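Dropping final_8.cif in here (mmCIF, C-alpha atoms):
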```
data_protein
loop_
_atom_site.label_atom_id
_atom_site.label_comp_id
_atom_site.auth_asym_id
_atom_site.auth_seq_id
_atom_site.Cartn_x
_atom_site.Cartn_y
_atom_site.Cartn_z
CA MET P 1 0.00 0.00 0.00
CA THR P 2 1.42 3.33 -1.05
CA PRO P 3 1.75 5.76 1.86
CA SER P 4 -0.09 9.02 1.60
CA ALA P 5 1.82 12.23 0.86
CA GLY P 6 0.90 13.70 4.24
CA SER P 7 2.12 10.80 6.36
CA GLY P 8 5.76 12.05 6.42
CA ARG P 9 7.23 8.56 6.87
CA ALA P 10 8.81 8.00 3.41
CA PRO P 11 11.32 10.98 3.54
CA LEU P 12 12.87 9.85 6.89
CA PRO P 13 15.49 7.51 5.38
CA ARG P 14 16.63 10.26 2.99
CA GLN P 15 17.08 12.79 5.89
CA ARG P 16 19.17 10.31 7.87
CA HIS P 17 21.19 9.64 4.74
CA ARG P 18 21.90 13.35 4.23
CA ARG P 19 22.98 13.77 7.89
CA SER P 20 25.24 10.74 7.63
CA ARG P 21 26.85 12.18 4.50
CA ARG P 22 27.53 15.47 6.27
CA ARG P 23 29.18 13.60 9.17
CA SER P 24 31.25 11.51 6.80
CA GLY P 25 32.60 14.69 5.15
CA ARG P 26 34.29 16.01 8.33
CA ALA P 27 38.05 15.85 8.83
CA PRO P 28 39.26 13.28 11.35
CA GLY P 29 39.37 14.72 14.85
CA SER P 30 37.57 17.95 13.90
CA ASP P 31 34.96 17.27 16.56
CA SER P 32 37.45 18.79 19.10
CA PRO P 33 37.88 22.60 18.86
CA ALA P 34 41.20 22.32 20.72
CA LEU P 35 42.60 19.94 18.10
CA ALA P 36 41.14 22.06 15.31
CA ALA P 37 43.18 24.98 16.69
CA LEU P 38 46.34 23.02 15.93
CA GLY P 39 45.67 23.26 12.20
CA ASP P 40 47.90 20.93 10.18
CA PHE P 41 49.88 20.09 13.33
CA GLN P 42 46.96 17.99 14.62
CA THR P 43 47.98 15.19 12.27
CA LEU P 44 51.41 14.95 13.93
CA PRO P 45 52.08 12.87 17.03
CA LEU P 46 53.34 14.91 19.96
CA GLU P 47 56.86 13.49 19.64
CA ILE P 48 57.08 14.54 15.98
CA PHE P 49 55.71 17.99 16.83
CA GLN P 50 58.47 18.46 19.39
CA MET P 51 61.07 17.22 16.91
CA VAL P 52 59.89 19.91 14.48
CA LEU P 53 60.40 22.54 17.19
CA ASN P 54 64.07 21.56 17.41
CA TYR P 55 64.54 22.92 13.88
CA LEU P 56 62.97 26.29 14.70
CA SER P 57 64.78 29.25 16.22
CA VAL P 58 63.57 30.61 19.56
CA LYS P 59 62.12 33.64 17.76
CA ASP P 60 60.18 31.36 15.40
CA ILE P 61 58.84 29.31 18.32
CA SER P 62 57.83 32.59 19.96
CA MET P 63 55.85 33.57 16.86
CA LEU P 64 54.26 30.11 16.76
CA SER P 65 53.04 30.52 20.34
CA MET P 66 50.67 33.30 19.22
CA VAL P 67 48.81 31.10 16.74
CA SER P 68 46.40 29.62 19.29
CA LYS P 69 45.98 28.83 22.95
CA THR P 70 46.28 25.12 22.19
CA ILE P 71 49.64 25.49 20.46
CA SER P 72 50.81 27.76 23.26
CA GLY P 73 49.91 25.00 25.75
CA ARG P 74 51.88 22.46 23.76
CA LEU P 75 54.86 24.78 23.73
CA ILE P 76 54.64 25.20 27.52
CA ASN P 77 54.77 21.42 27.83
CA TYR P 78 57.71 21.27 25.40
CA ILE P 79 59.69 23.86 27.39
CA SER P 80 59.20 21.76 30.52
CA THR P 81 60.54 18.58 28.93
CA SER P 82 64.17 17.55 29.30
CA SER P 83 64.81 17.94 25.56
CA GLY P 84 63.18 21.38 25.54
CA SER P 85 65.22 22.49 28.55
CA ARG P 86 68.47 21.31 26.97
CA ARG P 87 67.60 23.13 23.76
CA LEU P 88 66.41 26.42 25.28
CA LEU P 89 68.32 26.81 28.56
CA LEU P 90 71.83 27.35 27.25
CA GLN P 91 74.36 27.44 30.07
CA ASP P 92 77.71 28.19 28.43
CA PHE P 93 77.94 31.50 30.30
CA HIS P 94 81.70 31.27 30.81
CA GLN P 95 82.77 30.69 27.20
CA GLU P 96 80.88 33.33 25.28
CA LEU P 97 81.87 33.47 21.62
CA PRO P 98 81.55 36.54 19.37
CA ALA P 99 78.63 34.91 17.56
CA ARG P 100 76.55 31.78 17.81
CA ARG P 101 73.58 30.27 16.00
CA GLY P 102 73.51 32.60 13.04
CA GLY P 103 75.11 35.54 14.80
CA ALA P 104 72.98 35.64 17.95
CA SER P 105 74.85 35.95 21.25
CA ILE P 106 73.77 34.14 24.39
CA LEU P 107 72.31 37.44 25.65
CA GLU P 108 70.18 37.67 22.51
CA HIS P 109 69.15 34.05 23.03
CA TYR P 110 67.79 34.78 26.52
CA ARG P 111 66.15 37.96 25.31
CA ALA P 112 64.27 35.86 22.74
CA LEU P 113 63.50 33.24 25.39
CA GLY P 114 62.03 35.94 27.61
CA LEU P 115 59.68 36.94 24.80
CA LEU P 116 58.72 33.30 24.21
CA LEU P 117 57.75 32.73 27.86
CA LYS P 118 56.02 36.11 27.97
CA ARG P 119 53.78 35.05 25.09
CA CYS P 120 53.23 31.49 26.29
CA THR P 121 52.10 32.63 29.76
CA LEU P 122 50.13 35.63 28.58
CA LEU P 123 46.79 34.37 29.91
CA LEU P 124 48.09 33.29 33.33
CA PRO P 125 47.86 35.43 36.50
CA THR P 126 51.13 37.12 37.49
CA ARG P 127 51.70 34.79 40.43
CA ASP P 128 51.29 31.69 38.25
CA ARG P 129 53.51 33.17 35.54
CA LEU P 130 56.29 33.73 38.05
CA LYS P 131 55.95 30.22 39.47
CA TYR P 132 56.13 28.69 36.00
CA VAL P 133 59.14 30.81 35.00
CA HIS P 134 60.90 29.89 38.23
CA LYS P 135 60.17 26.21 37.59
CA VAL P 136 61.68 26.48 34.11
CA LEU P 137 64.79 28.40 35.21
CA SER P 138 65.41 26.70 38.55
CA GLY P 139 67.95 24.32 37.03
CA VAL P 140 70.23 27.16 35.87
CA SER P 141 72.65 27.57 38.79
CA CYS P 142 74.28 30.72 37.36
CA PHE P 143 70.94 32.56 37.69
CA LYS P 144 71.14 32.28 41.48
CA LEU P 145 72.78 34.75 43.85
CA ASN P 146 75.38 32.25 45.06
CA GLY P 147 75.08 29.79 42.19
CA CYS P 148 78.24 30.47 40.20
CA ALA P 149 81.76 29.65 41.38
CA SER P 150 83.27 32.33 39.12
CA PRO P 151 80.78 35.22 39.10
CA LEU P 152 83.17 37.83 37.68
CA HIS P 153 83.64 35.79 34.52
CA CYS P 154 80.02 34.69 34.13
CA LEU P 155 77.26 36.07 31.92
CA GLY P 156 74.56 34.18 33.81
CA LEU P 157 73.14 37.09 35.82
CA GLN P 158 73.21 39.37 32.78
CA CYS P 159 71.28 36.75 30.77
CA TYR P 160 68.78 36.47 33.63
CA GLY P 161 68.48 40.25 33.63
CA VAL P 162 67.69 40.61 29.91
CA PHE P 163 65.28 37.67 30.21
CA LEU P 164 63.36 39.43 33.01
CA GLN P 165 63.58 42.76 31.22
CA ILE P 166 61.70 41.36 28.21
CA LEU P 167 59.35 39.23 30.31
CA THR P 168 58.15 42.18 32.43
CA ALA P 169 58.14 44.85 29.69
CA GLY P 170 54.76 46.56 29.70
CA TRP P 171 53.66 45.13 33.05
CA ASP P 172 52.00 47.59 35.38
CA GLU P 173 53.64 48.75 38.61
CA LEU P 174 51.68 46.37 40.84
CA GLU P 175 52.81 43.37 38.80
CA CYS P 176 56.43 44.59 38.92
CA HIS P 177 56.12 44.91 42.71
CA ARG P 178 55.17 41.23 42.79
CA VAL P 179 58.15 40.36 40.62
CA PHE P 180 60.52 42.21 42.96
CA ASN P 181 59.02 40.61 46.06
CA PHE P 182 59.23 37.19 44.42
CA LEU P 183 62.92 37.63 43.56
CA TRP P 184 63.70 39.22 46.92
CA GLU P 185 62.21 36.30 48.84
CA LEU P 186 63.54 33.65 46.46
CA SER P 187 67.13 34.87 46.89
CA ASN P 188 66.71 35.70 50.59
CA LEU P 189 68.12 39.12 49.77
CA ALA P 190 66.62 40.90 52.78
CA ARG P 191 68.74 38.89 55.21
CA LYS P 192 71.84 39.11 53.04
CA VAL P 193 71.55 42.88 52.61
CA GLN P 194 70.97 43.26 56.34
CA THR P 195 74.23 41.39 56.90
CA VAL P 196 76.36 43.65 54.69
CA VAL P 197 74.87 46.99 55.76
CA SER P 198 75.17 46.20 59.47
CA SER P 199 78.67 44.68 59.32
CA LYS P 200 81.98 46.48 59.19
CA PRO P 201 82.65 47.56 55.57
CA GLY P 202 84.67 44.89 53.82
CA SER P 203 84.14 42.20 56.45
CA ALA P 204 81.73 40.34 54.14
CA ARG P 205 83.53 41.05 50.88
CA ARG P 206 82.24 38.03 48.95
CA LEU P 207 78.65 38.70 49.93
CA GLU P 208 79.05 42.38 48.99
CA LEU P 209 80.29 41.28 45.57
CA ARG P 210 77.41 38.81 45.10
CA ILE P 211 74.79 41.44 45.99
CA ARG P 212 76.43 43.98 43.70
CA LEU P 213 76.50 41.61 40.73
CA PHE P 214 72.93 40.38 41.29
CA CYS P 215 71.47 43.89 41.60
CA ARG P 216 73.39 45.27 38.62
CA GLY P 217 72.96 42.22 36.39
CA VAL P 218 69.39 41.16 37.16
CA LEU P 219 67.41 44.10 38.55
CA LEU P 220 69.34 46.98 36.95
CA SER P 221 70.03 45.21 33.68
CA PRO P 222 72.14 47.21 31.21
CA GLY P 223 69.97 48.58 28.43
CA SER P 224 66.88 48.99 30.61
CA ARG P 225 64.84 52.16 30.34
CA ARG P 226 65.57 54.88 32.90
CA SER P 227 62.07 54.58 34.34
CA ASP P 228 62.55 50.84 34.87
CA CYS P 229 65.96 51.34 36.51
CA ALA P 230 64.49 54.02 38.76
CA PHE P 231 61.70 51.66 39.83
CA TRP P 232 64.01 48.74 40.64
CA LEU P 233 66.60 50.92 42.40
CA THR P 234 63.85 52.46 44.50
CA ARG P 235 62.62 49.00 45.47
CA ILE P 236 66.16 48.03 46.50
CA LEU P 237 66.87 51.13 48.61
CA LYS P 238 63.59 52.33 50.08
CA PRO P 239 63.00 49.59 52.69
CA TRP P 240 66.17 50.65 54.53
CA PRO P 241 67.07 53.65 56.74
CA MET P 242 69.05 56.44 55.06
CA VAL P 243 72.39 55.34 56.52
CA ASN P 244 71.87 51.84 55.13
CA GLN P 245 70.71 53.24 51.80
CA ALA P 246 74.04 55.03 51.46
CA ARG P 247 75.99 51.88 52.33
CA LEU P 248 73.97 49.82 49.85
CA LEU P 249 74.36 52.45 47.12
CA TYR P 250 78.14 52.35 47.60
CA ILE P 251 78.15 48.53 47.46
CA ILE P 252 76.21 48.50 44.18
CA PHE P 253 77.79 51.49 42.40
CA GLY P 254 81.00 52.32 44.24
CA PRO P 255 84.56 51.66 43.01
CA VAL P 256 85.85 48.09 42.92
CA SER P 257 89.22 46.43 42.64
CA SER P 258 90.32 45.58 39.11
CA ARG P 259 91.99 42.46 40.50
CA ASP P 260 89.18 40.67 42.36
CA GLY P 261 86.10 42.87 41.87
CA HIS P 262 85.62 43.54 45.57
CA VAL P 263 84.34 46.93 46.76
CA VAL P 264 87.18 49.36 47.61
CA TRP P 265 85.96 51.10 50.76
CA GLN P 266 89.02 53.31 51.35
CA LYS P 267 89.06 54.80 47.85
CA MET P 268 87.36 58.07 48.80
CA ILE P 269 89.34 58.50 52.02
CA GLU P 270 92.95 57.85 51.12
CA GLY P 271 93.36 60.33 48.26
CA PRO P 272 91.75 62.10 45.29
CA THR P 273 90.02 59.69 42.95
CA ASP P 274 89.18 59.87 39.25
CA GLU P 275 85.88 60.25 37.44
CA THR P 276 85.70 56.54 36.60
CA SER P 277 85.48 55.59 40.28
CA LEU P 278 82.61 58.04 40.85
CA LYS P 279 80.62 57.70 37.64
CA GLY P 280 78.43 54.83 38.82
CA LEU P 281 77.46 56.66 42.02
CA ALA P 282 76.84 59.91 40.12
CA ASP P 283 74.60 58.17 37.55
CA ALA P 284 72.59 56.52 40.35
CA ILE P 285 72.12 59.87 42.11
CA LYS P 286 70.98 61.51 38.86
CA LEU P 287 68.53 58.65 38.33
CA LEU P 288 66.98 59.10 41.78
CA TYR P 289 66.83 62.89 41.35
CA GLY P 290 65.12 62.67 37.95
CA THR P 291 61.42 62.70 37.21
CA GLU P 292 61.40 58.92 36.71
CA ALA P 293 61.92 58.28 40.45
CA ARG P 294 58.58 59.57 41.73
CA GLU P 295 59.06 58.33 45.30
CA TRP P 296 62.16 60.47 45.90
CA THR P 297 62.06 64.15 46.82
CA ALA P 298 64.95 66.56 46.32
CA ASP P 299 65.51 66.55 50.09
CA ASP P 300 65.70 62.73 50.07
CA VAL P 301 68.41 62.72 47.42
CA ILE P 302 70.42 65.51 49.07
CA SER P 303 70.26 63.67 52.40
CA LEU P 304 71.43 60.51 50.66
CA VAL P 305 74.39 62.35 49.08
CA ASP P 306 75.26 63.83 52.47
CA GLU P 307 75.14 60.40 54.07
CA LEU P 308 77.14 58.86 51.24
CA SER P 309 80.01 61.29 51.83
CA VAL P 310 80.80 59.63 55.18
CA VAL P 311 80.71 56.01 53.95
CA PRO P 312 82.65 54.36 55.49
CA GLN P 313 84.32 57.52 56.89
CA GLU P 314 84.37 61.16 55.88
CA TRP P 315 85.50 61.56 52.27
CA LEU P 316 88.18 63.94 51.06
CA MET P 317 86.44 67.16 50.08
CA GLU P 318 87.87 66.95 46.56
CA ASN P 319 86.06 63.64 46.02
CA ASN P 320 82.82 65.20 47.31
CA ALA P 321 83.20 68.07 44.87
CA ARG P 322 83.94 65.72 41.95
CA LEU P 323 80.88 63.60 42.73
CA LEU P 324 78.64 66.68 42.76
CA LEU P 325 80.07 67.92 39.46
CA LEU P 326 79.42 64.54 37.85
CA SER P 327 75.89 64.45 39.28
CA GLY P 328 74.81 67.47 37.25
CA ASN P 329 73.97 71.14 37.71
CA SER P 330 70.61 70.68 39.42
CA ILE P 331 71.87 68.35 42.14
CA CYS P 332 75.03 70.39 42.61
CA PHE P 333 73.10 73.64 43.09
CA THR P 334 70.47 72.07 45.33
CA PHE P 335 73.16 70.55 47.55
CA MET P 336 75.04 73.84 47.87
CA ALA P 337 71.87 75.87 48.32
CA SER P 338 70.83 73.66 51.23
CA LYS P 339 74.10 74.54 52.99
CA ALA P 340 73.53 78.24 52.30
CA VAL P 341 70.00 78.14 53.72
CA ASN P 342 71.19 76.27 56.82
CA GLY P 343 73.90 78.85 57.61
CA ARG P 344 76.87 76.58 56.85
CA ALA P 345 78.86 79.29 55.05
CA VAL P 346 82.33 78.04 56.04
CA GLU P 347 81.60 74.50 54.85
CA LEU P 348 80.03 75.85 51.66
CA ALA P 349 83.04 78.07 50.96
CA ARG P 350 85.45 75.17 51.37
CA LEU P 351 83.34 73.02 49.04
CA MET P 352 83.34 75.85 46.47
CA VAL P 353 87.15 76.01 46.56
CA PHE P 354 87.40 72.29 45.86
CA MET P 355 84.93 72.61 43.01
CA VAL P 356 87.17 75.25 41.49
CA LEU P 357 90.14 72.90 41.96
CA VAL P 358 88.30 70.01 40.28
CA CYS P 359 87.36 72.28 37.36
CA GLU P 360 91.04 73.06 36.91
CA LYS P 361 92.22 69.44 37.23
CA ASP P 362 89.50 67.86 35.09
CA LEU P 363 89.53 70.63 32.47
CA TYR P 364 86.02 71.96 33.06
CA CYS P 365 85.26 75.54 32.02
CA MET P 366 85.91 77.85 34.96
CA ASP P 367 82.97 80.07 34.05
CA TRP P 368 80.75 77.18 35.23
CA ALA P 369 82.14 77.58 38.77
CA VAL P 370 81.59 81.34 38.65
CA ARG P 371 77.99 80.97 37.48
CA MET P 372 77.34 78.38 40.18
CA MET P 373 78.73 80.75 42.81
CA GLN P 374 76.47 83.54 41.52
CA LYS P 375 73.41 81.30 41.78
CA VAL P 376 74.32 80.26 45.32
CA CYS P 377 74.85 83.89 46.36
CA LYS P 378 71.24 84.65 45.41
CA VAL P 379 70.05 82.08 47.96
CA PHE P 380 71.34 84.11 50.93
CA SER P 381 68.60 86.15 52.53
CA SER P 382 70.71 89.25 53.32
CA PRO P 383 73.73 91.11 51.92
CA TRP P 384 75.61 90.40 55.14
CA GLU P 385 75.25 86.63 54.69
CA ARG P 386 76.36 86.87 51.08
CA ASN P 387 79.41 89.00 51.96
CA ASN P 388 80.27 86.63 54.80
CA PHE P 389 80.24 83.70 52.38
CA LEU P 390 82.52 85.52 49.92
CA GLN P 391 84.91 86.35 52.75
CA CYS P 392 84.91 82.70 53.84
CA LEU P 393 85.61 81.71 50.24
CA GLU P 394 88.74 83.87 50.04
CA ASN P 395 89.88 82.70 53.47
CA SER P 396 89.52 79.09 52.34
CA PHE P 397 91.66 79.75 49.29
CA ALA P 398 94.33 81.37 51.48
CA ARG P 399 94.36 78.57 54.07
CA MET P 400 94.58 75.82 51.45
CA LEU P 401 97.43 77.59 49.67
CA MET P 402 99.36 77.98 52.92
CA ASP P 403 98.83 74.34 53.87
CA MET P 404 100.02 73.12 50.47
CA LEU P 405 102.99 75.49 50.47
CA GLN P 406 104.06 74.24 53.91
CA ALA P 407 103.86 70.64 52.65
CA VAL P 408 106.14 71.51 49.73
CA LEU P 409 108.63 73.40 51.91
CA ALA P 410 108.68 70.55 54.42
CA GLY P 411 109.86 68.25 51.65
CA ASP P 412 106.89 65.89 51.97
CA ARG P 413 107.24 64.50 48.46
CA ASP P 414 106.27 61.13 47.10
CA GLU P 415 107.16 59.46 43.80
CA GLU P 416 104.59 61.52 41.90
CA ASP P 417 105.50 64.73 43.74
CA SER P 418 101.79 65.15 44.51
CA SER P 419 102.20 67.97 47.05
CA PHE P 420 103.87 70.22 44.47
CA LEU P 421 101.31 69.28 41.81
CA ASN P 422 98.44 70.07 44.19
CA LEU P 423 99.94 73.51 44.88
CA PHE P 424 100.42 74.07 41.16
CA HIS P 425 96.79 73.11 40.36
CA LEU P 426 95.34 75.20 43.18
CA MET P 427 97.28 78.34 42.18
CA ASN P 428 96.17 77.94 38.59
CA ALA P 429 92.60 77.27 39.72
CA GLN P 430 92.51 80.39 41.89
CA ALA P 431 93.94 82.55 39.09
CA SER P 432 91.46 81.20 36.52
CA PHE P 433 88.55 81.59 38.93
CA HIS P 434 89.36 85.19 39.78
CA LYS P 435 89.98 85.98 36.12
CA GLU P 436 86.45 84.81 35.30
CA ILE P 437 85.04 86.84 38.19
CA LEU P 438 86.83 89.98 36.94
CA SER P 439 85.57 89.30 33.43
CA VAL P 440 81.98 89.06 34.69
CA ALA P 441 82.39 92.15 36.89
CA MET P 442 83.91 94.26 34.11
CA GLY P 443 81.32 93.08 31.64
CA SER P 444 78.44 94.03 33.94
CA SER P 445 79.98 97.43 34.79
CA SER P 446 80.53 98.33 31.14
CA SER P 447 76.97 97.33 30.23
CA SER P 448 75.56 99.43 33.09
CA SER P 449 77.62 102.50 32.10
CA THR P 450 76.28 102.38 28.52
#
```
Rewrite the structure from the file as structure tokens, please.
Amino acid sequence: MTPSAGSGRAPLPRQRHRRSRRRSGRAPGSDSPALAALGDFQTLPLEIFQMVLNYLSVKDISMLSMVSKTISGRLINYISTSSGSRRLLLQDFHQELPARRGGASILEHYRALGLLLKRCTLLLPTRDRLKYVHKVLSGVSCFKLNGCASPLHCLGLQCYGVFLQILTAGWDELECHRVFNFLWELSNLARKVQTVVSSKPGSARRLELRIRLFCRGVLLSPGSRRSDCAFWLTRILKPWPMVNQARLLYIIFGPVSSRDGHVVWQKMIEGPTDETSLKGLADAIKLLYGTEAREWTADDVISLVDELSVVPQEWLMENNARLLLLSGNSICFTFMASKAVNGRAVELARLMVFMVLVCEKDLYCMDWAVRMMQKVCKVFSSPWERNNFLQCLENSFARMLMDMLQAVLAGDRDEEDSSFLNLFHLMNAQASFHKEILSVAMGSSSSSST
């Protein structure tokens, strides 16, 4: 019996047939969206996929990680495998060659690795990202504070620094706080820093060296932006009292021995030093005084400079003057103006004399010293205070000349004949300074008469 047109039973087999044809047309495994996200890689066994990765550069793997979340997850698993670790965590930090792997240095390798892990962990919370990165890098002993037996000849901490620099680029301040706290606790730096700042300078020389290298290589990585360096340096210094901040600043940026790399604590006390020994300290002071270091006021920086000048004992005044000159005009004027405001005219005058001497020795233009003196004179609240300062300035010149002349006449000469050279430089400095003052005075008088 032929079914009626309205019964609807006859078309059922054809509908099932059409659905079955649609199912049969799908690619194998396409029922899973995660596998579909692998694209052509879904046809490869995991072992073959990881073998393919061995032929890709770190930069290429980094680009691959952005294809999909699924591929990124596979790459995370690959990095954690023993073969992935051997391939990616290069550890020849003590035998750096001019070029490797197509011209890329080991520093460039870890910069690329930082970008790879940054992309692979993009969707993870900061805490989980840090835990994963620590898990990956924990086997690299040269990334640890005390991990390398030859830290002065090791690029490990620098590689760790550029890795972190790329990893944290663009992170907000709260996330960077978490990074610092994570590293601080992981390395137990609070206890170690407490040890060196509370001990006699030089009594923990090896620990001082380790802290210096870790802070400079990892947290203050060369090539970092000024704002980033200001942030990390602030995090290092701010938890401590001012006296400890000065000690720590000297440990990180002060002069070191060319023989063993240890901090030279007596450098600023025993005799005049050169610009090279002071440049690191001056650059750090300029960084903290700049607009990038928002948590530091001008008074904070001036107090730090004042405290630094007695680490470990009172510096020679010439070294104080040279540090201020290297720190820049703004810091130099602010430091001198604070002495003028606080009525320390004698101390200010003596500092001014040594600044003139440094200008002569280091070949700075003497008109800079004259202009600085003019600016400082405007800070005094009364003509009497200004005239008293100028009188103290001339008295300081006279006393220093007499002291140096007596040293020469007494025959206190060393191999370099330094006493005679000091007298020679000071006499030239005084003559040049007064010549500039006369030039300014005559120029102003002639302009007023016309």
### Message
Taking 4 positions as the minimum chain separation for residues in the same chain, which residues sit within 10 Å of Gln95 of chain P when counting all atoms listed in the file? Answer as a PyMOL selection string.
### Response
chain P and resi 91+153-155
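Atom CA of Ile236 of chain P is positioned 19.2 Å from atom CA of Arg205 of chain P.
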Per-axis box centre and lengths in Å around segment 342-355 of chain P, 8 Å margin per side, axis-aligned, as JSON:
```
{"center_x": 79.3, "center_y": 75.8, "center_z": 50.3, "size_x": 32.2, "size_y": 23.0, "size_z": 30.6}
```
### Message
Set the distance at 12 Å and use all atoms listed in the file: which residues neighbour Leu278 of chain P once local chain neighbours fewer than 6 positions away are removed? I'd like the list as a count of residues only.
### Response
25
### Task
For the point (70.3, 63.8, 45.5) in the file's frame, write as JSON, numbers by chain all residues with an atom no more than 8 Å away, counting all atoms listed in the file.
{"P": [285, 286, 288, 289, 298, 299, 300, 301, 302, 303, 304, 305, 331, 335]}
Give as a PDB file with C-alpha atoms, keeping the file's coordinate frame the set of residues within 12 Å of the point (87.8, 44.9, 45.7), where distances use the file's coordinates and all atoms listed in the file.
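Done, and the output landed in result-v7.pdb:
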```
ATOM      1  CA  LEU P 152      83.170  37.830  37.680  1.00  0.00           C
ATOM      2  CA  PRO P 201      82.650  47.560  55.570  1.00  0.00           C
ATOM      3  CA  GLY P 202      84.670  44.890  53.820  1.00  0.00           C
ATOM      4  CA  SER P 203      84.140  42.200  56.450  1.00  0.00           C
ATOM      5  CA  ALA P 204      81.730  40.340  54.140  1.00  0.00           C
ATOM      6  CA  ARG P 205      83.530  41.050  50.880  1.00  0.00           C
ATOM      7  CA  ARG P 206      82.240  38.030  48.950  1.00  0.00           C
ATOM      8  CA  LEU P 207      78.650  38.700  49.930  1.00  0.00           C
ATOM      9  CA  GLU P 208      79.050  42.380  48.990  1.00  0.00           C
ATOM     10  CA  LEU P 209      80.290  41.280  45.570  1.00  0.00           C
ATOM     11  CA  ARG P 212      76.430  43.980  43.700  1.00  0.00           C
ATOM     12  CA  ILE P 251      78.150  48.530  47.460  1.00  0.00           C
ATOM     13  CA  GLY P 254      81.000  52.320  44.240  1.00  0.00           C
ATOM     14  CA  PRO P 255      84.560  51.660  43.010  1.00  0.00           C
ATOM     15  CA  VAL P 256      85.850  48.090  42.920  1.00  0.00           C
ATOM     16  CA  SER P 257      89.220  46.430  42.640  1.00  0.00           C
ATOM     17  CA  SER P 258      90.320  45.580  39.110  1.00  0.00           C
ATOM     18  CA  ARG P 259      91.990  42.460  40.500  1.00  0.00           C
ATOM     19  CA  ASP P 260      89.180  40.670  42.360  1.00  0.00           C
ATOM     20  CA  GLY P 261      86.100  42.870  41.870  1.00  0.00           C
ATOM     21  CA  HIS P 262      85.620  43.540  45.570  1.00  0.00           C
ATOM     22  CA  VAL P 263      84.340  46.930  46.760  1.00  0.00           C
ATOM     23  CA  VAL P 264      87.180  49.360  47.610  1.00  0.00           C
ATOM     24  CA  TRP P 265      85.960  51.100  50.760  1.00  0.00           C
ATOM     25  CA  GLN P 266      89.020  53.310  51.350  1.00  0.00           C
ATOM     26  CA  LYS P 267      89.060  54.800  47.850  1.00  0.00           C
TER      27      LYS P 267
END
```
### Task
Give as a PyMOL selection string the residues that the PyMOL selection byres ((chain P and resi 54) around 12) matches when applied to the coordinates above.
chain P and resi 47-53+55-58+60-61+75+78-79+83-88
Suppose a student applies the PyMOL selection byres ((chain P and resi 357) around 8) to this structure; what residues should they get, written as an mmCIF file with C-alpha atoms, in the frame of the given file?
```
data_model
loop_
_atom_site.group_PDB
_atom_site.id
_atom_site.type_symbol
_atom_site.label_atom_id
_atom_site.label_comp_id
_atom_site.auth_asym_id
_atom_site.auth_seq_id
_atom_site.Cartn_x
_atom_site.Cartn_y
_atom_site.Cartn_z
ATOM 1 C CA GLU P 318 87.870 66.950 46.560
ATOM 2 C CA VAL P 353 87.150 76.010 46.560
ATOM 3 C CA PHE P 354 87.400 72.290 45.860
ATOM 4 C CA MET P 355 84.930 72.610 43.010
ATOM 5 C CA VAL P 356 87.170 75.250 41.490
ATOM 6 C CA VAL P 358 88.300 70.010 40.280
ATOM 7 C CA CYS P 359 87.360 72.280 37.360
ATOM 8 C CA GLU P 360 91.040 73.060 36.910
ATOM 9 C CA LYS P 361 92.220 69.440 37.230
ATOM 10 C CA HIS P 425 96.790 73.110 40.360
ATOM 11 C CA LEU P 426 95.340 75.200 43.180
ATOM 12 C CA ALA P 429 92.600 77.270 39.720
ATOM 13 C CA GLN P 430 92.510 80.390 41.890
#
```
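Pairwise distance (atom CA of Ser80 of chain P, atom CA of Leu137 of chain P) equals 9.9 Å.
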### Hits from the PyMOL selection byres ((chain P and resi 337) around 10), listed as a ChimeraX atom specification
/P:331-336,338-344,348,375-380
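Separating atom CA of Gln374 of chain P from atom CA of His434 of chain P is a distance of 13.1 Å.
With all atoms listed in the file as the atoms that count, the residue of P:Phe163, P:Ser419, P:Met366, P:Gly411 with the shortest distance to Ser432 of chain P is P:Met366.
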### Query
Which residue out of P:Tyr110, P:Phe214, P:Phe433, P:Phe231 has the minimum interatomic distance to Arg371 of chain P when all atoms listed in the file are used?
P:Phe433
Reconstructed N, CA and C atoms for segment 45-51 of chain P, given as a compact mmCIF listing (two decimals), keeping the file's coordinate frame:
```txt
# COMPACT_ATOMS: atom_id res chain seq x y z
N PRO P 45 51.95 13.30 15.63
CA PRO P 45 52.08 12.87 17.03
C PRO P 45 52.90 13.91 17.81
N LEU P 46 52.68 13.92 19.12
CA LEU P 46 53.34 14.91 19.96
C LEU P 46 54.86 14.84 19.82
N GLU P 47 55.40 13.63 19.75
CA GLU P 47 56.86 13.49 19.64
C GLU P 47 57.39 14.12 18.36
N ILE P 48 56.65 13.95 17.26
CA ILE P 48 57.08 14.54 15.98
C ILE P 48 56.96 16.06 16.04
N PHE P 49 55.90 16.55 16.68
CA PHE P 49 55.71 17.99 16.83
C PHE P 49 56.90 18.61 17.57
N GLN P 50 57.34 17.94 18.63
CA GLN P 50 58.47 18.46 19.39
C GLN P 50 59.77 18.35 18.62
N MET P 51 59.89 17.32 17.76
CA MET P 51 61.07 17.22 16.91
C MET P 51 61.11 18.37 15.91
```
